[in-house]
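S.K.: One structure follows; several queries about it will come next.
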Amino acid sequence: MSGAQAASQAERGFGDAADLACLRKLISNCVALRVERKVLSVHLSVLGEEVERPDCLSEALAVLDALPGTEVPSRFRLPGGDCVLVWRKLGEEQLRFLADALKDRLCPFAGGDGEELVRLFRLPFDAQRLSRLLAGMPKTLPSPAEPPAATAPEPLDFPALAELERGLAAADIERFVRRRPVYRQVAGERPLRLWERYQVGVAEVVAALAPSSGAADDWLTRRLTRTLDRRLLAMLAAPGQRQSGTAFGLRLNVESLLSPEFLRFDAMLSPRKREQVIIEIDAWCVMAEMALFPFAQAFVRSRGYLLALGGLSAHSLNQFSLRTGGFDLAIVSWSVELAQSSAAGILADPDHLVLIGADNRAALAWGEEHGIVLFQGRAMEGEVSQAS
């Protein structure tokens with residue numbers, strides 16, 4: 001791939017201030033997730049204003065011509081005309097070759113010495129060193145007269161997807177696990193906390209591992225949850241992981257229930273503790289795994305877990321039945337469309353319906369009107385705070 005081709009494929013177009021903020025976030029994420037990245041930084045700002053300087057990024061990309069087939073790096077323009085290139089996967093010899101070639105190219109501008117202009121970093125190991133280098137740069141810069149046009153995110157091709165999944169398999173995802181409490185609310189009584197729903201923020205993980213892809217679509221979420229399920233289960237089954245006495249729910253794929261990670265998680269729980277765990281499976285996953293689901297369902301039942309049908313909305317409520325489907329609970333997301341829909345089928349059993357996303361009083365009022373007593377959302381948490 002030529003430097004010109006790389007320029008057309010990897011152009012970010014965020015501007016100095018936004019690129020600097022994005023780079024700082026990438027460093028933080030690499031440390032938190034223990035994800036490795038190769039970094040090459042070019043610092044023409046040290047030459048001073050009186051020295052004629054080339055375009056930093058153009059010079060950096062030009063050296064890529066010497067290595068055909070090299071992965072296109074993510075690029076960050078920094079204040080003072082500096083730039084940083086970041087590779088997901090680049091060999092050590094390739095990185096040093098690019099650095100040496102760039103030093104040679106910049107020697108004429110530095111009076112014959114290009115050493116101080118080009119630096120190498122290996123994240124997360126050199127995170128502090130790179131952060132110190134960026135510390136002296138301003139976090140914000142004056143806005144240009146005309147803001148740059150928004151650019152489409154880089155496409156997530158098959159090699160990038162494979163790299164993303166490998167990163168997920170090795171990442172520490174604990175910081176992305178969200179614990180959302182579910183309460184029982186009966187008129188005239190104080191809200192009672194029953195369990196916590198554990199869920200990994202897929203969009204946040206994708207943003208951390210592939211910040212330039214902008215790809216958190218439904219298809220990607222469904223694919224990546226297979227890996228994230230196993231990472232979550234491995235985290236919960238780790239020897240140092242201390243389980244609280246509170247009941248909790250796990251949102252898992254059907255095939256994850258038969259994985260080695262689930263079996264190890266299951267083995268560490270006592271029969272009494274299993275009865276406090278709600279396994280939540282989205283309706284789309286049940287439909288996609290109709291051949292496997294009955295076996296997985298029977299296995300989960302035999303081990304003493306409760307089973308919930310999740311991922312329901314105003315459009316899918318009446319397509320499923322708790323009684324015939326063998327579920328203990330149904331989990332539906334609040335929306336204005338839900339309030340306007342005819343959900344008589346599943347609302348015939350409101351005691352076993354959990355209304356999530358109840359972030360306003362309208363959601364609570366609608367649920368109470370239809371006999372629902374199980375809620376999760378910010379409005380419910382506000383009710384708890386007032387009650388206490």
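In the structure tokens, the first chain shown is A, the next is B, and so on; residue numbers restart at 1 for each chain, and ligands run from 1 in the order shown.
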Find the spatial neighbours of segment 362-378 of chain A, counting only C-alpha atoms, within a cut-off of 9 Å - ignore same-chain residues fewer than 5 positions away - and output them as a PyMOL selection string.
M.R.: chain A and resi 180-187+194+197+334-336+339+347+349-357+383
S.K.: Any chance you can output those residues with C-alpha atoms as a PDB file, in the first residue's frame?
M.R.:
```pdb
ATOM      1  CA  ARG A 180     -28.019  -2.644  37.549  1.00  0.00           C
ATOM      2  CA  PRO A 181     -30.251  -3.262  40.584  1.00  0.00           C
ATOM      3  CA  VAL A 182     -33.779  -4.627  40.169  1.00  0.00           C
ATOM      4  CA  TYR A 183     -36.376  -3.584  42.752  1.00  0.00           C
ATOM      5  CA  ARG A 184     -39.785  -4.813  43.786  1.00  0.00           C
ATOM      6  CA  GLN A 185     -42.146  -1.859  44.142  1.00  0.00           C
ATOM      7  CA  VAL A 186     -45.609  -2.371  45.595  1.00  0.00           C
ATOM      8  CA  ALA A 187     -47.885   0.602  46.259  1.00  0.00           C
ATOM      9  CA  LEU A 194     -34.016  -8.150  44.802  1.00  0.00           C
ATOM     10  CA  ARG A 197     -28.310  -7.508  36.450  1.00  0.00           C
ATOM     11  CA  TRP A 334     -39.514   0.691  28.469  1.00  0.00           C
ATOM     12  CA  SER A 335     -40.337   2.966  25.544  1.00  0.00           C
ATOM     13  CA  VAL A 336     -43.079   5.313  24.454  1.00  0.00           C
ATOM     14  CA  ALA A 339     -47.079   2.472  26.371  1.00  0.00           C
ATOM     15  CA  LEU A 347     -49.165  -8.566  30.675  1.00  0.00           C
ATOM     16  CA  ASP A 349     -48.829 -12.339  34.092  1.00  0.00           C
ATOM     17  CA  PRO A 350     -47.399  -8.985  35.295  1.00  0.00           C
ATOM     18  CA  ASP A 351     -45.858 -10.381  38.493  1.00  0.00           C
ATOM     19  CA  HIS A 352     -43.224 -12.096  36.357  1.00  0.00           C
ATOM     20  CA  LEU A 353     -42.447  -9.108  34.142  1.00  0.00           C
ATOM     21  CA  VAL A 354     -39.393  -6.895  34.740  1.00  0.00           C
ATOM     22  CA  LEU A 355     -39.554  -3.384  33.268  1.00  0.00           C
ATOM     23  CA  ILE A 356     -36.018  -2.156  32.595  1.00  0.00           C
ATOM     24  CA  GLY A 357     -34.934   1.267  31.421  1.00  0.00           C
ATOM     25  CA  GLU A 383     -37.566   6.362  44.461  1.00  0.00           C
TER      26      GLU A 383
END
```
S.K.: When you count only C-alpha atoms, which of these residues is closest to Ala314 of chain A: A:Ser259, A:Asn253, A:Ser302, A:Ser341?
M.R.: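 Selected residue with least distance to Ala314 of chain A: A:Ser341.
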S.K.: Identify which of the residues A:Phe293, A:Phe299, A:Trp195, A:Phe97 lies closest to Gly325 of chain A, counting only C-alpha atoms when measuring atom-to-atom distances.
M.R.: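 Closest candidate: A:Phe293.
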S.K.: Would you kindly return, as a PyMOL selection string, each protein, DNA or RNA residue with an atom no farther than 8 Å from any atom of Phe262 of chain A, considering only C-alpha atoms and excluding same-chain residues fewer than 6 positions away?
M.R.: chain A and resi 230+233-234+256
S.K.: Which parts of segment 156-373 of chain A does DSSP call strand (DSSP E or B) when run on the backbone here, written out as a PyMOL selection string?
M.R.: chain A and resi 177-184+192-200+247-251+277-282+306-312+329-333+353-356
S.K.: I want to know what sits within 10 Å of Asp126 of chain A, based on only C-alpha atoms, with residues of the same chain fewer than 6 positions away left out; could you give that as an mmCIF file with C-alpha atoms, in the first residue's frame?
M.R.:
```cif
data_model
loop_
_atom_site.group_PDB
_atom_site.id
_atom_site.type_symbol
_atom_site.label_atom_id
_atom_site.label_comp_id
_atom_site.auth_asym_id
_atom_site.auth_seq_id
_atom_site.Cartn_x
_atom_site.Cartn_y
_atom_site.Cartn_z
ATOM 1 C CA ILE A 27 -3.520 5.248 26.246
ATOM 2 C CA VAL A 31 -3.541 0.339 30.358
ATOM 3 C CA LYS A 38 2.859 -0.071 18.763
ATOM 4 C CA VAL A 39 3.315 3.709 18.640
ATOM 5 C CA LEU A 120 8.933 4.649 19.726
#
```
S.K.: So that I can see what lies close to segment 85-87 of chain A, please list as a list of chain:residue names the residues with an atom at most 10 Å from it, counting only C-alpha atoms and leaving out residues fewer than 4 positions away in the same chain.
M.R.: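 Using only C-alpha atoms, the neighbours found are A:Leu23, A:Leu26, A:Glu36, A:Arg37, A:Lys38, A:Val39, A:Leu40, A:Ser41, A:Val42, A:Leu57, A:Ala60, A:Leu61, A:Thr70, A:Glu71, A:Val72, A:Pro73, A:Ser74, A:Arg75, A:Phe76, A:Arg77, A:Gly91, A:Leu95, A:Leu120, A:Phe121, A:Arg122, A:Leu123.
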S.K.: Produce a file of the selected residues containing N, CA and C atoms, as a PDB file, in the first residue's frame.
M.R.:
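What follows is the written file out.pdb:
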```
ATOM      1  N   LEU A  23      -6.198  10.377  21.664  1.00  0.00           N
ATOM      2  CA  LEU A  23      -4.971   9.633  21.937  1.00  0.00           C
ATOM      3  C   LEU A  23      -4.808   9.387  23.431  1.00  0.00           C
ATOM      4  N   LEU A  26      -7.034   6.591  24.342  1.00  0.00           N
ATOM      5  CA  LEU A  26      -6.508   5.312  23.873  1.00  0.00           C
ATOM      6  C   LEU A  26      -5.435   4.781  24.824  1.00  0.00           C
ATOM      7  N   GLU A  36      -2.106  -4.373  23.791  1.00  0.00           N
ATOM      8  CA  GLU A  36      -0.831  -3.910  23.250  1.00  0.00           C
ATOM      9  C   GLU A  36      -1.033  -3.131  21.944  1.00  0.00           C
ATOM     10  N   ARG A  37      -0.300  -2.046  21.828  1.00  0.00           N
ATOM     11  CA  ARG A  37      -0.270  -1.245  20.608  1.00  0.00           C
ATOM     12  C   ARG A  37       1.164  -0.765  20.385  1.00  0.00           C
ATOM     13  N   LYS A  38       1.561  -0.632  19.121  1.00  0.00           N
ATOM     14  CA  LYS A  38       2.859  -0.071  18.763  1.00  0.00           C
ATOM     15  C   LYS A  38       2.646   1.385  18.346  1.00  0.00           C
ATOM     16  N   VAL A  39       3.503   2.275  18.845  1.00  0.00           N
ATOM     17  CA  VAL A  39       3.315   3.709  18.640  1.00  0.00           C
ATOM     18  C   VAL A  39       4.598   4.328  18.106  1.00  0.00           C
ATOM     19  N   LEU A  40       4.458   5.169  17.101  1.00  0.00           N
ATOM     20  CA  LEU A  40       5.566   5.944  16.561  1.00  0.00           C
ATOM     21  C   LEU A  40       5.139   7.403  16.584  1.00  0.00           C
ATOM     22  N   SER A  41       5.926   8.244  17.270  1.00  0.00           N
ATOM     23  CA  SER A  41       5.582   9.669  17.355  1.00  0.00           C
ATOM     24  C   SER A  41       6.634  10.508  16.644  1.00  0.00           C
ATOM     25  N   VAL A  42       6.191  11.548  15.979  1.00  0.00           N
ATOM     26  CA  VAL A  42       7.068  12.449  15.231  1.00  0.00           C
ATOM     27  C   VAL A  42       6.890  13.857  15.787  1.00  0.00           C
ATOM     28  N   LEU A  57       2.715  14.556   9.053  1.00  0.00           N
ATOM     29  CA  LEU A  57       1.988  13.333   8.740  1.00  0.00           C
ATOM     30  C   LEU A  57       2.307  12.826   7.344  1.00  0.00           C
ATOM     31  N   ALA A  60       5.574  11.024   7.517  1.00  0.00           N
ATOM     32  CA  ALA A  60       5.453   9.741   8.208  1.00  0.00           C
ATOM     33  C   ALA A  60       4.823   8.680   7.320  1.00  0.00           C
ATOM     34  N   LEU A  61       3.791   9.077   6.578  1.00  0.00           N
ATOM     35  CA  LEU A  61       3.111   8.113   5.718  1.00  0.00           C
ATOM     36  C   LEU A  61       3.961   7.728   4.515  1.00  0.00           C
ATOM     37  N   THR A  70       1.930  -3.233   4.831  1.00  0.00           N
ATOM     38  CA  THR A  70       1.905  -2.881   6.249  1.00  0.00           C
ATOM     39  C   THR A  70       0.512  -2.393   6.645  1.00  0.00           C
ATOM     40  N   GLU A  71       0.080  -2.795   7.830  1.00  0.00           N
ATOM     41  CA  GLU A  71      -1.224  -2.372   8.349  1.00  0.00           C
ATOM     42  C   GLU A  71      -1.319  -0.848   8.376  1.00  0.00           C
ATOM     43  N   VAL A  72      -2.463  -0.332   7.956  1.00  0.00           N
ATOM     44  CA  VAL A  72      -2.685   1.117   7.994  1.00  0.00           C
ATOM     45  C   VAL A  72      -2.852   1.549   9.445  1.00  0.00           C
ATOM     46  N   PRO A  73      -2.047   2.500   9.915  1.00  0.00           N
ATOM     47  CA  PRO A  73      -2.139   2.900  11.327  1.00  0.00           C
ATOM     48  C   PRO A  73      -3.246   3.908  11.571  1.00  0.00           C
ATOM     49  N   SER A  74      -3.675   3.971  12.817  1.00  0.00           N
ATOM     50  CA  SER A  74      -4.513   5.094  13.240  1.00  0.00           C
ATOM     51  C   SER A  74      -3.611   6.302  13.398  1.00  0.00           C
ATOM     52  N   ARG A  75      -4.113   7.478  13.014  1.00  0.00           N
ATOM     53  CA  ARG A  75      -3.250   8.655  12.981  1.00  0.00           C
ATOM     54  C   ARG A  75      -3.836   9.766  13.836  1.00  0.00           C
ATOM     55  N   PHE A  76      -2.958  10.469  14.517  1.00  0.00           N
ATOM     56  CA  PHE A  76      -3.372  11.548  15.396  1.00  0.00           C
ATOM     57  C   PHE A  76      -2.496  12.773  15.113  1.00  0.00           C
ATOM     58  N   ARG A  77      -3.120  13.878  14.702  1.00  0.00           N
ATOM     59  CA  ARG A  77      -2.407  15.141  14.538  1.00  0.00           C
ATOM     60  C   ARG A  77      -2.392  15.869  15.869  1.00  0.00           C
ATOM     61  N   GLY A  91       5.113  -5.863  13.627  1.00  0.00           N
ATOM     62  CA  GLY A  91       6.310  -6.519  14.129  1.00  0.00           C
ATOM     63  C   GLY A  91       7.351  -5.529  14.622  1.00  0.00           C
ATOM     64  N   LEU A  95       8.595  -1.984  12.941  1.00  0.00           N
ATOM     65  CA  LEU A  95       8.494  -0.717  13.657  1.00  0.00           C
ATOM     66  C   LEU A  95       9.832   0.020  13.647  1.00  0.00           C
ATOM     67  N   LEU A 120       9.734   5.869  19.747  1.00  0.00           N
ATOM     68  CA  LEU A 120       8.933   4.649  19.726  1.00  0.00           C
ATOM     69  C   LEU A 120       8.363   4.370  21.113  1.00  0.00           C
ATOM     70  N   PHE A 121       7.141   3.852  21.128  1.00  0.00           N
ATOM     71  CA  PHE A 121       6.487   3.478  22.373  1.00  0.00           C
ATOM     72  C   PHE A 121       5.754   2.154  22.169  1.00  0.00           C
ATOM     73  N   ARG A 122       5.684   1.396  23.239  1.00  0.00           N
ATOM     74  CA  ARG A 122       4.962   0.126  23.217  1.00  0.00           C
ATOM     75  C   ARG A 122       3.957   0.128  24.356  1.00  0.00           C
ATOM     76  N   LEU A 123       2.691   0.268  23.982  1.00  0.00           N
ATOM     77  CA  LEU A 123       1.641   0.295  24.999  1.00  0.00           C
ATOM     78  C   LEU A 123       1.218  -1.124  25.350  1.00  0.00           C
TER      79      LEU A 123
END
```
S.K.: For Leu258 of chain A, please output as a list in words all residues within 10 Å (counting only C-alpha atoms; exclusion window: fewer than 3 positions along the same chain).
M.R.: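 The contact residues come out as Asn253, Val254, Glu255, Glu261, Phe262, Leu263, Leu292, Phe295, Ala296, Phe299 and Val300 of chain A.
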S.K.: Kindly give the distance, in Å, that separates atom CA of His43 of chain A and atom CA of Phe125 of chain A, rounded to a single decimal.
M.R.: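 Separation of atom CA of His43 of chain A and atom CA of Phe125 of chain A: 20.8 Å.
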S.K.: Counting only C-alpha atoms, what is within 8 Å of Ala169 of chain A, bar same-chain residues fewer than 4 positions away, as a PyMOL selection string?
M.R.: chain A and resi 165+227-228+231
